[in-house]
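Participant: Next up is a structure, given as C-alpha cells.
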Amino acid sequence: MPDGGTTQEAILRDYPRLSLDDTLDFHCGKGVDCFTSCCRDVSIVLTPYDVLRMKKALHLDSTEFLEKYTILGCTKDQKLPVVLLKMNAGDKRCPFVSDEGCSVYVHRPWACRMYPLGVAEPNGSHPTERGFYFVIHEDLCHGHGNGSQCSIRDWISSQSIDTFEMMGDPFKDLMLNEFWEKGEPLEPRKLEMYLMACYDLDRFRRFVFETRFAEIFDVDEARLEAVRTDDEELLIFAMEWLRFSLFNEKTMKLKASVLDSMQRANDKAGIESETLR
Ligand code: SF4
Ligand code: SF4
C-alpha cells in the first residue's frame, strides 16, 4: 500500500517490466514480522468502486462514508481532486486496521489488493508501448523473497482484483479522455457533479430519482429500476451521465418531448432575430 515516492518517470525508466506470466516471490500474512506496518501513514487513492464497496460493507450512506473516512487531495496537474482514505489523526493508522489485520479485508480498496504489485500504463509516448506490471520494494515490507513463488496472473486472481478492474473500467475510460489534458479545469458546478457521480452515489441516486431527470432523459424502465436498486448499475450509469454532461457524448438520450420544445424555442428565437433585422 505505501506509495514509496516512486514517480511515473522512474517506473517507466528503471523498473523491470513484468507480464502476467512472470513470477512474484512474495508472502504476506499474520506470520510476517511487518504485519500491518504498511497500513499506516499511507496515501491510498480510492476509486469510485472502492468507495461503493466500502460504504456498502460498512452499511453507510456514501455521503457519510466520504465525510468520515476520506479526504480530498489534488492530482499533480491540479485539474481534479482525488479521494484518499483518511488515516487516524493521532497514530496515523488506517481506521480499518486491527491486530488481526484489515477489518474490511473482503472489501479493501484496489490499491491495498495490488500491493506490492504496481501497474504502469504509458500514455501515448509511443503507440506500441504497452502497459506492464512492476514490483514495489520498500524497507518496511519484509514479504519479499521468501520462496512463495506465484505468477502475476495467479497473484491477481488470489486478490480478487478482476472484479475491481472490471468495475473500474468505465471510470478508467472517463479518466483517459483527452478532455482532461486539453480542457480547462472544471468550473465549480461541474466539479461538484463529477464528485457526486463518481463517489457520492447515494446522492447521485437522489439526483436521478428526486429531480426532473426522468422527465428529461429517455431511459427505459428496466434500466431505471436497475439503477434504483443496484449500486453497481448506478455507478455504470453515473459514468455514462458524466460522459454526456462533461464531454457532450451521446451516452444519454433526451426525450422526444424535450427535443420538440427545444426545437420550438430555437425556431422562435430564429423568427425573433429575423424580425429585428
Ligand atoms: S483498508 Fe485494510 S489493507 Fe488497506 S490500509 Fe486499511 S487496513 Fe490496510
Ligand atoms: S508483508 Fe508487506 S504487505 Fe504484508 S503486512 Fe508486511 S508490509 Fe504489509
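In the C-alpha cells, each chain is lettered A, B, ... as it comes, each chain's residues begin at 1, and ligands are numbered from 1 in order of appearance.
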Excluding same-chain residues fewer than 5 positions from Arg228 of chain A, what lies within 9 Å of it counting only C-alpha atoms, as a list in words?
Facilitator: Arg205, Val208, Phe209, Arg223, Glu233 and Leu234 of chain A
Participant: Those selected residues, please, written with C-alpha atoms and delivered as a CSV table (one decimal), in the first residue's frame.
Facilitator:
```csv
chain,number,residue,atom,x,y,z
A,205,ARG,CA,-29.3,8.3,-7.0
A,208,VAL,CA,-31.8,10.8,-10.7
A,209,PHE,CA,-35.0,10.0,-8.9
A,223,ARG,CA,-32.7,0.3,-16.7
A,233,GLU,CA,-25.7,-0.4,-12.2
A,234,LEU,CA,-25.9,3.1,-10.7
```
Participant: Please return as a PyMOL selection string the residues found within 10 Å of ligand 2, counting only C-alpha atoms and all ligand atoms.
Facilitator: chain A and resi 1-2+26-40+101-102+112-116+136-144
Participant: Rounded to one decimal, what separation in Å do you get between atom CA of Ser261 of chain A and atom CA of Arg212 of chain A?
Facilitator: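 Rounded to one decimal, the two atoms are 15.4 Å apart.
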Participant: Can you work out which one of A:Asp21, A:Leu46, A:Met54, A:Lys86 has the shortest atom-to-atom distance to Glu67 of chain A, counting only C-alpha atoms?
Facilitator: A:Lys86
Participant: Write out as a PyMOL selection string each polymer residue whose atoms come within 12 Å of Thr47 of chain A, counting only C-alpha atoms; drop sequence neighbours fewer than 3 positions from it.
Facilitator: chain A and resi 44+50-54+70+81-85+108-112+164-165+167-172+175+195+198-200+235
Participant: Would you please work out which residue, of A:His59, A:Glu64, A:Asn88, A:Gln8, is nearest to ligand 1 when using only C-alpha atoms and all ligand atoms?
Facilitator: A:Asn88
Participant: List as a list of chain:residue names the protein and nucleic acid residues near Met87 of chain A, meaning an atom at most 9 Å away when only C-alpha atoms are counted, but skip any in the same chain fewer than 4 places from it.
Facilitator: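 Once the nearby chain positions are removed, what remains is A:Cys39, A:Arg40, A:Asp41, A:Val42, A:Ser43, A:Tyr69, A:Thr70, A:Asp91, A:Lys92, A:Arg93, A:Cys94, A:Pro95.
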Participant: Could you list, as an MDAnalysis selection string, every residue within 10 Å of Leu174 of chain A, counting only C-alpha atoms and ignoring same-chain residues fewer than 6 positions away?
Facilitator: chainID A and resid 180 239:240 242:243 246:247
Participant: Name the closest residue to ligand 1 among the candidates A:Ile71, A:Val45, A:Ala10, A:Val97; distances are taken between atoms, counting only C-alpha atoms and all ligand atoms.
Facilitator: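 Closest to ligand 1, using only C-alpha atoms and all ligand atoms: A:Val97.
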Participant: Grab the atom CA of Leu72 of chain A to atom CA of Arg203 of chain A distance for me, in Å with one decimal place.
Facilitator: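 For atom CA of Leu72 of chain A relative to atom CA of Arg203 of chain A, the distance reads 17.6 Å.
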Participant: Restricting the calculation to only C-alpha atoms, which member of A:Val135, A:Asn146, A:Lys55, A:Phe217 is positioned closest to Lys250 of chain A?
Facilitator: A:Phe217
Participant: So how many Å separate atom CA of Asp260 of chain A and atom CA of Ala238 of chain A, to one decimal?
Facilitator: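 One can read the atom CA of Asp260 of chain A to atom CA of Ala238 of chain A distance as 25.8 Å.
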Participant: Write down as a PyMOL selection string the residues of segment 147-266 of chain A whose backbone DSSP state falls under helix (DSSP H, G or I).
Facilitator: chain A and resi 152-158+161-175+179-182+188-199+201-209+213-216+221-229+231-247+256-266
Participant: Can you write just those residues out, C-alpha atoms, as a PDB file, in the first residue's frame?
Facilitator:
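Output (result_28.pdb):
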```
ATOM      1  CA  ILE A 152       1.447 -12.368 -11.582  1.00  0.00           C
ATOM      2  CA  ARG A 153      -1.708 -13.866 -13.088  1.00  0.00           C
ATOM      3  CA  ASP A 154      -2.280 -16.070 -10.016  1.00  0.00           C
ATOM      4  CA  TRP A 155      -1.492 -13.214  -7.630  1.00  0.00           C
ATOM      5  CA  ILE A 156      -4.094 -11.011  -9.305  1.00  0.00           C
ATOM      6  CA  SER A 157      -6.619 -13.802  -9.184  1.00  0.00           C
ATOM      7  CA  SER A 158      -5.875 -14.568  -5.498  1.00  0.00           C
ATOM      8  CA  ILE A 161      -8.660  -7.915  -8.485  1.00  0.00           C
ATOM      9  CA  ASP A 162     -10.641  -8.867 -11.618  1.00  0.00           C
ATOM     10  CA  THR A 163     -13.961  -7.549 -10.281  1.00  0.00           C
ATOM     11  CA  PHE A 164     -12.307  -4.291  -9.259  1.00  0.00           C
ATOM     12  CA  GLU A 165     -10.736  -3.921 -12.689  1.00  0.00           C
ATOM     13  CA  MET A 166     -13.986  -4.734 -14.480  1.00  0.00           C
ATOM     14  CA  MET A 167     -15.972  -2.281 -12.365  1.00  0.00           C
ATOM     15  CA  GLY A 168     -13.139   0.234 -12.663  1.00  0.00           C
ATOM     16  CA  ASP A 169     -13.049   0.227 -16.463  1.00  0.00           C
ATOM     17  CA  PRO A 170     -15.815   2.842 -17.057  1.00  0.00           C
ATOM     18  CA  PHE A 171     -14.026   5.217 -14.635  1.00  0.00           C
ATOM     19  CA  LYS A 172     -10.682   4.500 -16.293  1.00  0.00           C
ATOM     20  CA  ASP A 173     -12.179   5.303 -19.700  1.00  0.00           C
ATOM     21  CA  LEU A 174     -13.555   8.542 -18.300  1.00  0.00           C
ATOM     22  CA  MET A 175     -10.134   9.494 -16.936  1.00  0.00           C
ATOM     23  CA  PHE A 179     -10.721  16.388 -22.291  1.00  0.00           C
ATOM     24  CA  TRP A 180      -8.637  16.286 -19.112  1.00  0.00           C
ATOM     25  CA  GLU A 181      -5.426  17.044 -20.959  1.00  0.00           C
ATOM     26  CA  LYS A 182      -6.765  19.666 -23.312  1.00  0.00           C
ATOM     27  CA  PRO A 188     -17.210  24.526  -9.517  1.00  0.00           C
ATOM     28  CA  ARG A 189     -20.702  23.332 -10.552  1.00  0.00           C
ATOM     29  CA  LYS A 190     -19.288  20.660 -12.868  1.00  0.00           C
ATOM     30  CA  LEU A 191     -16.668  19.652 -10.335  1.00  0.00           C
ATOM     31  CA  GLU A 192     -19.426  19.119  -7.793  1.00  0.00           C
ATOM     32  CA  MET A 193     -21.308  16.971 -10.325  1.00  0.00           C
ATOM     33  CA  TYR A 194     -18.147  14.955 -11.059  1.00  0.00           C
ATOM     34  CA  LEU A 195     -17.513  14.255  -7.369  1.00  0.00           C
ATOM     35  CA  MET A 196     -21.128  13.314  -6.735  1.00  0.00           C
ATOM     36  CA  ALA A 197     -21.431  10.975  -9.737  1.00  0.00           C
ATOM     37  CA  CYS A 198     -18.101   9.257  -9.068  1.00  0.00           C
ATOM     38  CA  TYR A 199     -18.075   8.928  -5.309  1.00  0.00           C
ATOM     39  CA  LEU A 201     -23.516   7.501  -5.295  1.00  0.00           C
ATOM     40  CA  ASP A 202     -26.445   7.671  -2.864  1.00  0.00           C
ATOM     41  CA  ARG A 203     -26.685  11.397  -3.539  1.00  0.00           C
ATOM     42  CA  PHE A 204     -26.397  10.764  -7.279  1.00  0.00           C
ATOM     43  CA  ARG A 205     -29.286   8.309  -6.980  1.00  0.00           C
ATOM     44  CA  ARG A 206     -31.405  11.038  -5.369  1.00  0.00           C
ATOM     45  CA  PHE A 207     -30.396  13.360  -8.207  1.00  0.00           C
ATOM     46  CA  VAL A 208     -31.752  10.809 -10.719  1.00  0.00           C
ATOM     47  CA  PHE A 209     -34.964   9.961  -8.871  1.00  0.00           C
ATOM     48  CA  PHE A 213     -34.189  13.834 -14.557  1.00  0.00           C
ATOM     49  CA  ALA A 214     -36.597  11.086 -15.683  1.00  0.00           C
ATOM     50  CA  GLU A 215     -38.848  13.664 -17.385  1.00  0.00           C
ATOM     51  CA  ILE A 216     -35.919  14.945 -19.437  1.00  0.00           C
ATOM     52  CA  GLU A 221     -37.967   1.414 -17.282  1.00  0.00           C
ATOM     53  CA  ALA A 222     -35.912  -1.749 -16.707  1.00  0.00           C
ATOM     54  CA  ARG A 223     -32.661   0.257 -16.685  1.00  0.00           C
ATOM     55  CA  LEU A 224     -34.133   2.837 -14.326  1.00  0.00           C
ATOM     56  CA  GLU A 225     -35.228   0.096 -11.949  1.00  0.00           C
ATOM     57  CA  ALA A 226     -31.759  -1.464 -12.029  1.00  0.00           C
ATOM     58  CA  VAL A 227     -30.213   1.942 -11.310  1.00  0.00           C
ATOM     59  CA  ARG A 228     -32.668   2.464  -8.439  1.00  0.00           C
ATOM     60  CA  THR A 229     -31.862  -0.840  -6.734  1.00  0.00           C
ATOM     61  CA  ASP A 231     -25.241   0.258  -6.762  1.00  0.00           C
ATOM     62  CA  GLU A 232     -23.076  -1.313  -9.489  1.00  0.00           C
ATOM     63  CA  GLU A 233     -25.655  -0.407 -12.166  1.00  0.00           C
ATOM     64  CA  LEU A 234     -25.884   3.071 -10.668  1.00  0.00           C
ATOM     65  CA  LEU A 235     -22.110   3.519 -10.922  1.00  0.00           C
ATOM     66  CA  ILE A 236     -22.053   2.486 -14.597  1.00  0.00           C
ATOM     67  CA  PHE A 237     -24.979   4.844 -15.274  1.00  0.00           C
ATOM     68  CA  ALA A 238     -23.177   7.656 -13.426  1.00  0.00           C
ATOM     69  CA  MET A 239     -20.117   7.251 -15.688  1.00  0.00           C
ATOM     70  CA  GLU A 240     -22.373   7.488 -18.767  1.00  0.00           C
ATOM     71  CA  TRP A 241     -24.003  10.593 -17.321  1.00  0.00           C
ATOM     72  CA  LEU A 242     -20.582  12.224 -16.820  1.00  0.00           C
ATOM     73  CA  ARG A 243     -19.545  11.445 -20.395  1.00  0.00           C
ATOM     74  CA  PHE A 244     -22.731  13.193 -21.535  1.00  0.00           C
ATOM     75  CA  SER A 245     -22.526  16.189 -19.236  1.00  0.00           C
ATOM     76  CA  LEU A 246     -18.752  16.779 -19.410  1.00  0.00           C
ATOM     77  CA  PHE A 247     -17.774  15.638 -22.910  1.00  0.00           C
ATOM     78  CA  ALA A 256     -38.760  13.455 -27.822  1.00  0.00           C
ATOM     79  CA  SER A 257     -40.984  15.975 -25.993  1.00  0.00           C
ATOM     80  CA  VAL A 258     -37.872  17.782 -24.667  1.00  0.00           C
ATOM     81  CA  LEU A 259     -36.286  17.835 -28.139  1.00  0.00           C
ATOM     82  CA  ASP A 260     -39.571  19.230 -29.583  1.00  0.00           C
ATOM     83  CA  SER A 261     -39.761  22.044 -27.080  1.00  0.00           C
ATOM     84  CA  MET A 262     -36.057  22.850 -27.651  1.00  0.00           C
ATOM     85  CA  GLN A 263     -36.734  22.946 -31.404  1.00  0.00           C
ATOM     86  CA  ARG A 264     -39.757  25.242 -30.910  1.00  0.00           C
ATOM     87  CA  ALA A 265     -37.676  27.549 -28.689  1.00  0.00           C
ATOM     88  CA  ASN A 266     -34.928  27.668 -31.349  1.00  0.00           C
TER      89      ASN A 266
END
```
Participant: Which is closest to ligand 1 among A:Ser151, A:Leu176, A:Val106, A:Ser160, if we use only C-alpha atoms and all ligand atoms?
Facilitator: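 Smallest distance to ligand 1 is found for A:Val106.
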Participant: Would you list, as a PyMOL selection string, the residues of segment 83-130 of chain A that end up in strand (DSSP E) under DSSP run on this structure's backbone?
Facilitator: chain A and resi 83-85+97-98+101-102+117-120
Participant: Write the selection just made, keeping N, CA and C atoms, as a PDB file, in the first residue's frame?
Facilitator:
```pdb
ATOM      1  N   VAL A  83      -9.844  11.223  -4.171  1.00  0.00           N
ATOM      2  CA  VAL A  83     -10.375  10.864  -2.855  1.00  0.00           C
ATOM      3  C   VAL A  83      -9.392   9.906  -2.192  1.00  0.00           C
ATOM      4  N   LEU A  84      -8.927  10.292  -1.009  1.00  0.00           N
ATOM      5  CA  LEU A  84      -7.927   9.485  -0.283  1.00  0.00           C
ATOM      6  C   LEU A  84      -8.527   8.941   1.004  1.00  0.00           C
ATOM      7  N   LEU A  85      -8.106   7.738   1.368  1.00  0.00           N
ATOM      8  CA  LEU A  85      -8.504   7.162   2.647  1.00  0.00           C
ATOM      9  C   LEU A  85      -7.862   7.998   3.769  1.00  0.00           C
ATOM     10  N   VAL A  97      -7.499  -0.864  10.295  1.00  0.00           N
ATOM     11  CA  VAL A  97      -6.520  -1.883  10.656  1.00  0.00           C
ATOM     12  C   VAL A  97      -6.712  -2.307  12.119  1.00  0.00           C
ATOM     13  N   SER A  98      -6.534  -3.603  12.369  1.00  0.00           N
ATOM     14  CA  SER A  98      -6.624  -4.112  13.741  1.00  0.00           C
ATOM     15  C   SER A  98      -5.468  -5.096  13.934  1.00  0.00           C
ATOM     16  N   GLY A 101      -5.440  -7.746  11.429  1.00  0.00           N
ATOM     17  CA  GLY A 101      -5.273  -7.374  10.022  1.00  0.00           C
ATOM     18  C   GLY A 101      -6.344  -6.386   9.601  1.00  0.00           C
ATOM     19  N   CYS A 102      -6.708  -6.448   8.330  1.00  0.00           N
ATOM     20  CA  CYS A 102      -7.658  -5.483   7.775  1.00  0.00           C
ATOM     21  C   CYS A 102      -9.090  -5.898   8.121  1.00  0.00           C
ATOM     22  N   LEU A 117       2.330  -5.058  -5.941  1.00  0.00           N
ATOM     23  CA  LEU A 117       2.362  -5.004  -7.398  1.00  0.00           C
ATOM     24  C   LEU A 117       1.870  -3.632  -7.857  1.00  0.00           C
ATOM     25  N   GLY A 118       2.561  -3.050  -8.808  1.00  0.00           N
ATOM     26  CA  GLY A 118       2.091  -1.805  -9.403  1.00  0.00           C
ATOM     27  C   GLY A 118       1.765  -2.061 -10.856  1.00  0.00           C
ATOM     28  N   VAL A 119       0.978  -1.189 -11.429  1.00  0.00           N
ATOM     29  CA  VAL A 119       0.684  -1.325 -12.851  1.00  0.00           C
ATOM     30  C   VAL A 119       0.942   0.017 -13.516  1.00  0.00           C
ATOM     31  N   ALA A 120       1.685  -0.024 -14.629  1.00  0.00           N
ATOM     32  CA  ALA A 120       2.011   1.213 -15.349  1.00  0.00           C
ATOM     33  C   ALA A 120       1.347   1.175 -16.704  1.00  0.00           C
TER      34      ALA A 120
END
```
